[in-house]
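K.L.:
Structure supplied as model.cif; contents: mmCIF, C-alpha atoms.
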data_coords
loop_
_atom_site.group_PDB
_atom_site.id
_atom_site.type_symbol
_atom_site.label_atom_id
_atom_site.label_comp_id
_atom_site.auth_asym_id
_atom_site.auth_seq_id
_atom_site.Cartn_x
_atom_site.Cartn_y
_atom_site.Cartn_z
ATOM 1 C CA MET A 27 0.000 0.000 0.000
ATOM 2 C CA LYS A 28 1.084 3.585 -0.575
ATOM 3 C CA GLU A 29 0.162 6.786 1.233
ATOM 4 C CA ILE A 30 -2.444 8.975 -0.536
ATOM 5 C CA ASN A 31 -4.172 12.320 0.058
ATOM 6 C CA ILE A 32 -7.846 13.007 0.846
ATOM 7 C CA GLY A 33 -8.698 13.849 -2.776
ATOM 8 C CA GLN A 34 -7.331 10.513 -3.927
ATOM 9 C CA ALA A 35 -9.214 8.725 -1.133
ATOM 10 C CA THR A 36 -12.540 10.268 -2.197
ATOM 11 C CA ALA A 37 -11.949 9.153 -5.776
ATOM 12 C CA LEU A 38 -11.119 5.607 -4.666
ATOM 13 C CA THR A 39 -14.212 5.301 -2.440
ATOM 14 C CA SER A 40 -16.720 6.411 -5.119
ATOM 15 C CA PRO A 41 -19.570 6.619 -5.565
ATOM 16 C CA ASP A 42 -20.468 9.121 -2.858
ATOM 17 C CA PRO A 43 -24.004 10.213 -2.017
ATOM 18 C CA LEU A 44 -24.898 13.464 -3.753
ATOM 19 C CA VAL A 45 -27.452 15.998 -2.564
ATOM 20 C CA LEU A 46 -28.471 19.504 -3.554
ATOM 21 C CA VAL A 47 -28.708 21.750 -0.513
ATOM 22 C CA CYS A 48 -31.392 24.344 -1.255
ATOM 23 C CA THR A 49 -31.433 27.540 0.822
ATOM 24 C CA ARG A 50 -32.733 31.100 0.666
ATOM 25 C CA LYS A 51 -30.174 33.822 0.046
ATOM 26 C CA GLU A 52 -30.367 37.088 1.937
ATOM 27 C CA ASP A 53 -32.141 38.699 -1.065
ATOM 28 C CA GLY A 54 -34.781 35.917 -0.950
ATOM 29 C CA LYS A 55 -33.581 34.113 -4.086
ATOM 30 C CA LEU A 56 -33.151 30.354 -4.105
ATOM 31 C CA ASN A 57 -29.631 28.905 -3.981
ATOM 32 C CA MET A 58 -28.581 25.308 -4.626
ATOM 33 C CA ALA A 59 -25.248 23.705 -3.907
ATOM 34 C CA PRO A 60 -24.235 20.105 -4.630
ATOM 35 C CA VAL A 61 -22.721 18.315 -1.653
ATOM 36 C CA SER A 62 -21.213 14.851 -1.463
ATOM 37 C CA PHE A 63 -20.161 15.086 2.198
ATOM 38 C CA PHE A 64 -23.577 13.789 3.354
ATOM 39 C CA MET A 65 -24.746 11.158 5.856
ATOM 40 C CA TYR A 66 -27.642 10.063 8.011
ATOM 41 C CA ALA A 67 -26.848 10.889 11.626
ATOM 42 C CA SER A 68 -29.767 9.532 13.733
ATOM 43 C CA PHE A 69 -32.939 7.470 13.446
ATOM 44 C CA ASN A 70 -34.625 8.903 16.554
ATOM 45 C CA PRO A 71 -35.044 11.743 16.062
ATOM 46 C CA PRO A 72 -34.412 11.536 12.305
ATOM 47 C CA MET A 73 -31.292 13.580 11.583
ATOM 48 C CA LEU A 74 -28.734 14.028 8.828
ATOM 49 C CA ALA A 75 -25.447 15.841 8.481
ATOM 50 C CA PHE A 76 -23.541 17.426 5.637
ATOM 51 C CA GLY A 77 -20.213 19.203 5.337
ATOM 52 C CA MET A 78 -19.451 22.366 3.349
ATOM 53 C CA GLY A 79 -16.432 24.610 2.968
ATOM 54 C CA LYS A 80 -16.381 27.450 5.478
ATOM 55 C CA ALA A 81 -16.740 30.138 2.783
ATOM 56 C CA ALA A 82 -19.786 28.504 1.139
ATOM 57 C CA ASN A 83 -22.755 30.787 0.546
ATOM 58 C CA THR A 84 -25.091 27.889 1.363
ATOM 59 C CA GLY A 85 -23.493 27.586 4.791
ATOM 60 C CA GLU A 86 -24.056 31.282 5.452
ATOM 61 C CA ASN A 87 -27.687 30.868 4.381
ATOM 62 C CA ILE A 88 -28.474 27.896 6.621
ATOM 63 C CA ARG A 89 -26.720 29.469 9.612
ATOM 64 C CA ARG A 90 -28.797 32.646 9.092
ATOM 65 C CA THR A 91 -32.203 30.953 8.574
ATOM 66 C CA ASN A 92 -31.727 27.554 10.295
ATOM 67 C CA LYS A 93 -33.697 26.010 7.388
ATOM 68 C CA ALA A 94 -32.873 24.104 4.208
ATOM 69 C CA VAL A 95 -34.305 21.608 1.777
ATOM 70 C CA ILE A 96 -31.961 18.801 0.845
ATOM 71 C CA ALA A 97 -32.754 16.979 -2.389
ATOM 72 C CA VAL A 98 -31.270 13.803 -3.818
ATOM 73 C CA PRO A 99 -31.063 14.859 -7.480
ATOM 74 C CA GLY A 100 -32.430 12.811 -10.352
ATOM 75 C CA VAL A 101 -30.359 11.951 -13.402
ATOM 76 C CA THR A 102 -31.652 14.836 -15.541
ATOM 77 C CA LEU A 103 -29.835 17.222 -13.175
ATOM 78 C CA ALA A 104 -26.290 16.002 -13.904
ATOM 79 C CA ASP A 105 -25.254 19.106 -15.868
ATOM 80 C CA ALA A 106 -26.896 21.452 -13.356
ATOM 81 C CA CYS A 107 -25.126 19.764 -10.438
ATOM 82 C CA MET A 108 -21.760 20.207 -12.113
ATOM 83 C CA ALA A 109 -22.546 23.853 -12.977
ATOM 84 C CA TYR A 110 -23.819 24.665 -9.469
ATOM 85 C CA GLY A 111 -20.714 23.080 -7.951
ATOM 86 C CA SER A 112 -18.391 25.310 -9.958
ATOM 87 C CA SER A 113 -19.768 28.686 -8.817
ATOM 88 C CA ASN A 114 -20.491 30.555 -5.584
ATOM 89 C CA GLY A 115 -24.144 31.446 -4.987
ATOM 90 C CA GLY A 116 -23.103 34.628 -3.199
ATOM 91 C CA LYS A 117 -21.565 35.927 -6.413
ATOM 92 C CA THR A 118 -23.938 34.508 -9.035
ATOM 93 C CA ASP A 119 -27.559 33.487 -9.502
ATOM 94 C CA LYS A 120 -26.938 29.823 -10.335
ATOM 95 C CA LEU A 121 -30.574 29.121 -11.186
ATOM 96 C CA ALA A 122 -30.733 32.029 -13.638
ATOM 97 C CA GLU A 123 -27.568 30.817 -15.380
ATOM 98 C CA THR A 124 -28.560 27.129 -15.344
ATOM 99 C CA PRO A 125 -32.333 26.925 -14.839
ATOM 100 C CA ILE A 126 -34.050 23.715 -13.758
ATOM 101 C CA GLU A 127 -37.672 22.808 -13.123
ATOM 102 C CA LEU A 128 -38.641 23.412 -9.487
ATOM 103 C CA GLN A 129 -41.395 22.132 -7.231
ATOM 104 C CA ASN A 130 -43.128 23.911 -4.363
ATOM 105 C CA LEU A 131 -43.357 22.106 -1.045
ATOM 106 C CA ASP A 132 -46.454 22.520 1.142
ATOM 107 C CA GLY A 133 -45.722 24.852 4.043
ATOM 108 C CA ASN A 134 -42.147 25.607 2.958
ATOM 109 C CA ASP A 135 -40.875 28.685 1.104
ATOM 110 C CA ILE A 136 -37.774 26.848 -0.130
ATOM 111 C CA GLN A 137 -38.357 25.090 -3.446
ATOM 112 C CA ALA A 138 -36.769 21.804 -4.466
ATOM 113 C CA PRO A 139 -35.774 20.392 -7.861
ATOM 114 C CA ALA A 140 -38.721 18.724 -9.605
ATOM 115 C CA ASP A 141 -36.430 15.825 -10.539
ATOM 116 C CA ALA A 142 -35.579 14.538 -7.067
ATOM 117 C CA LYS A 143 -35.652 10.999 -5.699
ATOM 118 C CA VAL A 144 -35.840 12.109 -2.049
ATOM 119 C CA VAL A 145 -36.436 15.517 -0.501
ATOM 120 C CA PHE A 146 -35.670 16.324 3.138
ATOM 121 C CA GLU A 147 -37.029 19.456 4.802
ATOM 122 C CA VAL A 148 -34.596 20.183 7.636
ATOM 123 C CA THR A 149 -33.902 22.473 10.575
ATOM 124 C CA LEU A 150 -30.310 23.194 11.578
ATOM 125 C CA GLU A 151 -29.590 21.887 15.077
ATOM 126 C CA GLN A 152 -25.819 22.297 15.365
ATOM 127 C CA THR A 153 -22.816 23.562 13.426
ATOM 128 C CA VAL A 154 -19.449 21.946 14.157
ATOM 129 C CA GLU A 155 -16.105 23.212 12.894
ATOM 130 C CA ALA A 156 -14.329 20.430 10.985
ATOM 131 C CA GLY A 157 -10.998 21.628 9.573
ATOM 132 C CA ASP A 158 -11.653 23.734 6.474
ATOM 133 C CA HIS A 159 -15.366 22.788 6.540
ATOM 134 C CA TYR A 160 -18.361 23.146 8.795
ATOM 135 C CA LEU A 161 -20.443 20.085 9.592
ATOM 136 C CA TYR A 162 -24.147 20.933 9.662
ATOM 137 C CA ILE A 163 -26.242 18.599 11.810
ATOM 138 C CA CYS A 164 -29.936 18.897 10.961
ATOM 139 C CA LYS A 165 -33.218 17.533 12.275
ATOM 140 C CA ILE A 166 -35.348 16.098 9.474
ATOM 141 C CA ASP A 167 -38.789 17.715 9.653
ATOM 142 C CA LYS A 168 -40.319 15.952 6.637
ATOM 143 C CA MET A 169 -39.242 13.410 4.004
ATOM 144 C CA LEU A 170 -40.771 13.013 0.536
ATOM 145 C CA ALA A 171 -39.817 10.472 -2.132
ATOM 146 C CA ASP A 172 -40.410 9.450 -5.717
ATOM 147 C CA GLU A 173 -39.149 5.865 -5.904
ATOM 148 C CA SER A 174 -39.469 5.820 -9.696
ATOM 149 C CA LYS A 175 -36.510 8.208 -10.060
ATOM 150 C CA ASP A 176 -32.847 7.249 -10.314
ATOM 151 C CA ALA A 177 -30.484 9.200 -8.059
ATOM 152 C CA LEU A 178 -27.178 10.803 -8.980
ATOM 153 C CA PHE A 179 -23.965 10.048 -7.108
ATOM 154 C CA ALA A 180 -20.585 11.788 -7.111
ATOM 155 C CA TRP A 181 -17.809 9.798 -8.807
ATOM 156 C CA ASP A 182 -14.041 10.208 -8.987
ATOM 157 C CA GLY A 183 -13.820 12.630 -6.083
ATOM 158 C CA TYR A 184 -16.652 14.725 -7.554
ATOM 159 C CA GLY A 185 -15.033 14.678 -10.979
ATOM 160 C CA LYS A 186 -18.376 13.602 -12.474
ATOM 161 C CA VAL A 187 -21.917 12.761 -11.449
ATOM 162 C CA ALA A 188 -23.847 9.692 -12.592
ATOM 163 C CA PRO A 189 -26.222 7.028 -11.273
ATOM 164 C CA ALA A 190 -24.698 4.459 -8.915
ATOM 165 C CA GLN A 191 -24.836 1.946 -11.699
ATOM 166 C CA GLU A 192 -24.035 3.575 -14.983
ATOM 167 C CA LYS A 193 -26.303 2.445 -17.806
#
Turn this file's structure into structure tokens for me.
P.N.:
Amino acid sequence: MKEINIGQATALTSPDPLVLVCTRKEDGKLNMAPVSFFMYASFNPPMLAFGMGKAANTGENIRRTNKAVIAVPGVTLADACMAYGSSNGGKTDKLAETPIELQNLDGNDIQAPADAKVVFEVTLEQTVEAGDHYLYICKIDKMLADESKDALFAWDGYGKVAPAQEK
């Protein structure tokens, strides 16, 4: 065995779960950021966690509002996920540059992608500093699913996105 770095380790352990973290910017516009540092954290109460770089606009948004919608993207969103991951929502309107179809969620002002396998409506419970990232631990308020959809995963250390089993 040889010693490797974290980027190489993420590529070798692919695929990784991929989610779009949807938040409201300070101006009220919707922001979406793809995240592959994602995990379930508790069954009772239902909780999940995700990690984002400290300078991420999405992190600022969830810390300000304590709310987010986390969507497991469907396969039609591959190009959008790659585009959203290559820009900062604080500096650009990602959805204006790369529009996708959205769905409204009952009782929630944060929209989600229409092509989503699972959607989690969450409340931020705790933020933990983790090196150059923050770990966001969230209570799951509601879960919705469309089992007919295929989910995207991050491959090759987020070098591409594709279903878990490429067709």
K.L.:
Please provide as a list of chain:residue names all residues within 10 Å of Asp141 of chain A, with the sequence filter that same-chain residues fewer than 3 positions apart are discarded (counting all atoms listed in the file).
P.N.:
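Residues meeting the cut-off are A:Ala97, A:Val98, A:Pro99, A:Gly100, A:Val101, A:Thr102, A:Leu103, A:Ile126, A:Glu127, A:Leu128, A:Gln129, A:Ala138, A:Val144, A:Asp172, A:Lys175, A:Asp176, A:Ala177.
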K.L.:
At most 10 Å is the cut-off: for each residue in segment 82-138 of chain A with any atom that close to an atom of segment 52-74 of chain A, write down the nearest atom pair and the distance in Å rounded to one decimal, counting all atoms listed in the file, chain first then increasing number, as JSON lines.
P.N.:
{"residue": "A:Ala82", "atom": "CA", "partner": "A:Ala59", "partner_atom": "CA", "distance": 8.9}
{"residue": "A:Asn83", "atom": "CA", "partner": "A:Asn57", "partner_atom": "CA", "distance": 8.4}
{"residue": "A:Thr84", "atom": "CA", "partner": "A:Ala59", "partner_atom": "CA", "distance": 6.7}
{"residue": "A:Gly85", "atom": "CA", "partner": "A:Ala59", "partner_atom": "CA", "distance": 9.7}
{"residue": "A:Glu86", "atom": "CA", "partner": "A:Glu52", "partner_atom": "CA", "distance": 9.3}
{"residue": "A:Asn87", "atom": "CA", "partner": "A:Glu52", "partner_atom": "CA", "distance": 7.2}
{"residue": "A:Arg90", "atom": "CA", "partner": "A:Glu52", "partner_atom": "CA", "distance": 8.6}
{"residue": "A:Thr91", "atom": "CA", "partner": "A:Glu52", "partner_atom": "CA", "distance": 9.2}
{"residue": "A:Ala94", "atom": "CA", "partner": "A:Met58", "partner_atom": "CA", "distance": 9.9}
{"residue": "A:Val95", "atom": "CA", "partner": "A:Met58", "partner_atom": "CA", "distance": 9.4}
{"residue": "A:Ile96", "atom": "CA", "partner": "A:Met58", "partner_atom": "CA", "distance": 9.1}
{"residue": "A:Ala97", "atom": "CA", "partner": "A:Pro60", "partner_atom": "CA", "distance": 9.3}
{"residue": "A:Val98", "atom": "CA", "partner": "A:Pro60", "partner_atom": "CA", "distance": 9.5}
{"residue": "A:Pro99", "atom": "CA", "partner": "A:Pro60", "partner_atom": "CA", "distance": 9.1}
{"residue": "A:Ala106", "atom": "CA", "partner": "A:Pro60", "partner_atom": "CA", "distance": 9.2}
{"residue": "A:Cys107", "atom": "CA", "partner": "A:Pro60", "partner_atom": "CA", "distance": 5.9}
{"residue": "A:Met108", "atom": "CA", "partner": "A:Pro60", "partner_atom": "CA", "distance": 7.9}
{"residue": "A:Ala109", "atom": "CA", "partner": "A:Pro60", "partner_atom": "CA", "distance": 9.3}
{"residue": "A:Tyr110", "atom": "CA", "partner": "A:Ala59", "partner_atom": "CA", "distance": 5.8}
{"residue": "A:Gly111", "atom": "CA", "partner": "A:Pro60", "partner_atom": "CA", "distance": 5.7}
{"residue": "A:Ser112", "atom": "CA", "partner": "A:Ala59", "partner_atom": "CA", "distance": 9.3}
{"residue": "A:Ser113", "atom": "CA", "partner": "A:Ala59", "partner_atom": "CA", "distance": 8.9}
{"residue": "A:Asn114", "atom": "CA", "partner": "A:Ala59", "partner_atom": "CA", "distance": 8.5}
{"residue": "A:Gly115", "atom": "CA", "partner": "A:Asn57", "partner_atom": "CA", "distance": 6.1}
{"residue": "A:Gly116", "atom": "CA", "partner": "A:Asn57", "partner_atom": "CA", "distance": 8.7}
{"residue": "A:Thr118", "atom": "CA", "partner": "A:Asn57", "partner_atom": "CA", "distance": 9.5}
{"residue": "A:Asp119", "atom": "CA", "partner": "A:Asn57", "partner_atom": "CA", "distance": 7.5}
{"residue": "A:Lys120", "atom": "CA", "partner": "A:Asn57", "partner_atom": "CA", "distance": 7.0}
{"residue": "A:Leu121", "atom": "CA", "partner": "A:Asn57", "partner_atom": "CA", "distance": 7.3}
{"residue": "A:Ala122", "atom": "CA", "partner": "A:Leu56", "partner_atom": "CA", "distance": 10.0}
{"residue": "A:Asp135", "atom": "CA", "partner": "A:Leu56", "partner_atom": "CA", "distance": 9.5}
{"residue": "A:Ile136", "atom": "CA", "partner": "A:Leu56", "partner_atom": "CA", "distance": 7.0}
{"residue": "A:Gln137", "atom": "CA", "partner": "A:Leu56", "partner_atom": "CA", "distance": 7.4}
{"residue": "A:Ala138", "atom": "CA", "partner": "A:Met58", "partner_atom": "CA", "distance": 8.9}
K.L.:
Which residues would end up in the selection if the PyMOL selection byres ((chain A and resi 80) around 12) were applied here, given that I need the answer as a list in words?
P.N.:
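That expression, the PyMOL selection byres ((chain A and resi 80) around 12), corresponds here to Gly77, Met78, Gly79, Ala81, Ala82, Asn83, Thr84, Gly85, Glu86, Asn87, Arg89, Thr153, Val154, Glu155, Ala156, Gly157, Asp158, His159, Tyr160, Leu161 and Tyr162 of chain A.
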K.L.:
On this file, the PyMOL selection byres ((chain A and resi 169) around 7) gives some set of residues; write that set as a list in words.
P.N.:
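Given this file, the PyMOL selection byres ((chain A and resi 169) around 7) evaluates to Val145, Phe146, Glu147, Lys168, Leu170 and Ala171 of chain A.
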K.L.:
Can you find the residues with an atom no farther than 7 Å from (-24.4, 10.2, -1.2), counting all atoms listed in the file, and report them as a list in words?
P.N.:
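Those within range, by chain then number, are Asp42, Pro43, Leu44, Val45, Ser62, Phe64 and Phe179 of chain A.
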K.L.:
Please return the centre and edge lengths, in Å to one decimal, of a box with edges along x, y and z that contains all listed atoms of segment 53-69 of chain A, widened by 5 Å on every side, as JSON.
P.N.:
{"center_x": -27.5, "center_y": 23.1, "center_z": 4.6, "size_x": 24.6, "size_y": 41.2, "size_z": 28.4}
K.L.:
Quick one: everything within 12 Å of Gly33 of chain A, counting all atoms listed in the file, minus sequence neighbours fewer than 6 positions away in the same chain. Send it as a list in words.
P.N.:
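After dropping sequence-adjacent residues, the list is Thr39, Ser40, Trp181, Asp182, Gly183, Tyr184 and Gly185 of chain A.
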K.L.:
By how many Å are atom CA of Thr124 of chain A and atom CA of Ile166 of chain A apart?
P.N.:
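Between atom CA of Thr124 of chain A and atom CA of Ile166 of chain A the gap works out to 28.0 Å.
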K.L.:
Determine the nearest neighbour of Cys164 of chain A from the options A:Ala190, A:Ala104, A:Leu38, A:Ala75, counting only C-alpha atoms.
P.N.:
A:Ala75
K.L.:
Around (-36.8, 17.9, 12.2) in the file's frame, which residues reach within 6 Å when counting all atoms listed in the file? Return as a list of chain:residue names?
P.N.:
A:Val148, A:Thr149, A:Lys165, A:Ile166, A:Asp167
K.L.:
Measure the distance from atom CA of Ala180 of chain A to atom CA of Asp132 of chain A in Å and round it to one decimal.
P.N.:
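If I compute the distance from atom CA of Ala180 of chain A to atom CA of Asp132 of chain A, I get 29.2 Å.
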K.L.:
Select, from A:Lys117, A:Asn134, A:Lys143, A:Arg50, the residue with the minimum atom-to-atom distance to Pro189 of chain A, counting only C-alpha atoms.
P.N.:
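Looking at the shortest contact to Pro189 of chain A, the residue is A:Lys143.
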K.L.:
For a test of reading the model, state the distance in Å between atom CA of Cys48 of chain A and atom CA of Lys93 of chain A, rounded to one decimal.
P.N.:
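Taking atom CA of Cys48 of chain A as the start and atom CA of Lys93 of chain A as the end point, the length is 9.1 Å.
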K.L.:
Would you mind telling me which residue in A:Gln191, A:Asn31, A:Thr36, A:Asn92 lies nearest to Thr49 of chain A when using all atoms listed in the file?
P.N.:
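Answer, going by the shortest atom-to-atom distance: A:Asn92.
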